[in-house]
Amino acid sequence: LIFPENGKQVIVKYINRTLSIMYKYIYCQLEDALIIFILSFIILAAMRVKYAPVLALMLGLFNLIPYFGAITASTFAAVLTVFTASFSKGVWVAVALIILQQIDANVIQPRLVRGVLQVKPFWVLCGISVGGGLFGMWGILLAVPFMALVKTIFDDYYDYVKTKKNTIE
């Protein structure tokens with residue numbers, strides 16, 4: 001009743017795109033968290049770290065928080081290892097988890113997300129910074145799909161203007 005028919009179609013189109021982006025993003029993040037849980041459990045168990053299953057679960061869950069979650073969880077795991085074992089073991093745990101996080105950030109996650117969201121890392125960082133500053137944890141969690149939606153809207157607008165320009169000429 002409120003919107004004209006073509007306006008309804010556009011709104012439904014972007015709601016569907018938003019849901020699709022959210023679904024793909026959440027699926028990729030959960031898949032990545034599971035991979036990090038398994039790999040970190042293998043690493044921590046091989047190093048005979050106390051509470052390896054719990055720490056691995058924490059590393060996997062915190063990996064759902066873009067950029068800052070992995071750093072926080074790795075730091076906590078290393079510090080806990082210092083207190084439950086020794087300083088040198090804590091340092092080795094930190095080194096191993098940093099290497100794992102680098103492999104995740106540069107190999108695993110890009111392969112999972114390749115072509116799904118099509119947002120450059122610079123815009124992801126900007127979205128996380130602004131989203132976290134304005135909306136806290138929810139802003140950090142929703143920043144990446146929001147940036148993907150904004151990119152989609154700008155791409156559609158660019159295509160619209162380009163088509164309109166070609167029609168006039």
# chains A, B, ... in the order shown; residues from 1 in each chain; ligands from 1
>>> closest_atom_pairs(of="range 39-65 of chain A", to="range 96-100 of chain A", cutoff="10 Å", atoms="only C-alpha atoms", output="CSV")
residue,atom,partner,partner_atom,distance
A:Leu39,CA,A:Leu100,CA,7.9
A:Ser40,CA,A:Leu97,CA,7.3
A:Ile43,CA,A:Ala96,CA,7.5
A:Leu44,CA,A:Ala96,CA,8.8
A:Met47,CA,A:Ala96,CA,9.6
A:Leu59,CA,A:Leu97,CA,9.3
>>> residues_around(residues="Val150 in chain A", least_positions_apart="5", cutoff="12 Å", atoms="only C-alpha atoms", output="ChimeraX atom specification")
/A:14,17-18,21,117-119,123-124,127,143-145,155-157
>>> atom_distance(atom1="CA of Thr84 in chain A", atom2="CA of Phe62 in chain A")
21.2 Å
>>> residues_around(residues="Asp32 in chain A", least_positions_apart="4", cutoff="12 Å", atoms="only C-alpha atoms", output="ChimeraX atom specification")
/A:25-28,36-40,59-66,70,101,103-105,107-113
>>> residues_around(residues="Val82 in chain A", least_positions_apart="6", cutoff="12 Å", atoms="only C-alpha atoms", output="PyMOL selection string")
chain A and resi 49-50+75-76+88-94
>>> atom_distance(atom1="CA of Thr72 in chain A", atom2="CA of Ala45 in chain A")
20.0 Å
>>> atom_distance(atom1="CA of Gly131 in chain A", atom2="CA of Leu55 in chain A")
27.7 Å
>>> closest_residue(among="A:Leu125, A:Val161, A:Leu57, A:Leu30", to="Ile42 in chain A", atoms="only C-alpha atoms")
A:Leu57
>>> closest_residue(among="A:Thr152, A:Asn6, A:Ser74, A:Thr167", to="Gln102 in chain A", atoms="only C-alpha atoms")
A:Ser74
>>> closest_residue(among="A:Leu134, A:Val116, A:Val79, A:Tyr158", to="Tyr23 in chain A", atoms="only C-alpha atoms")
A:Val116
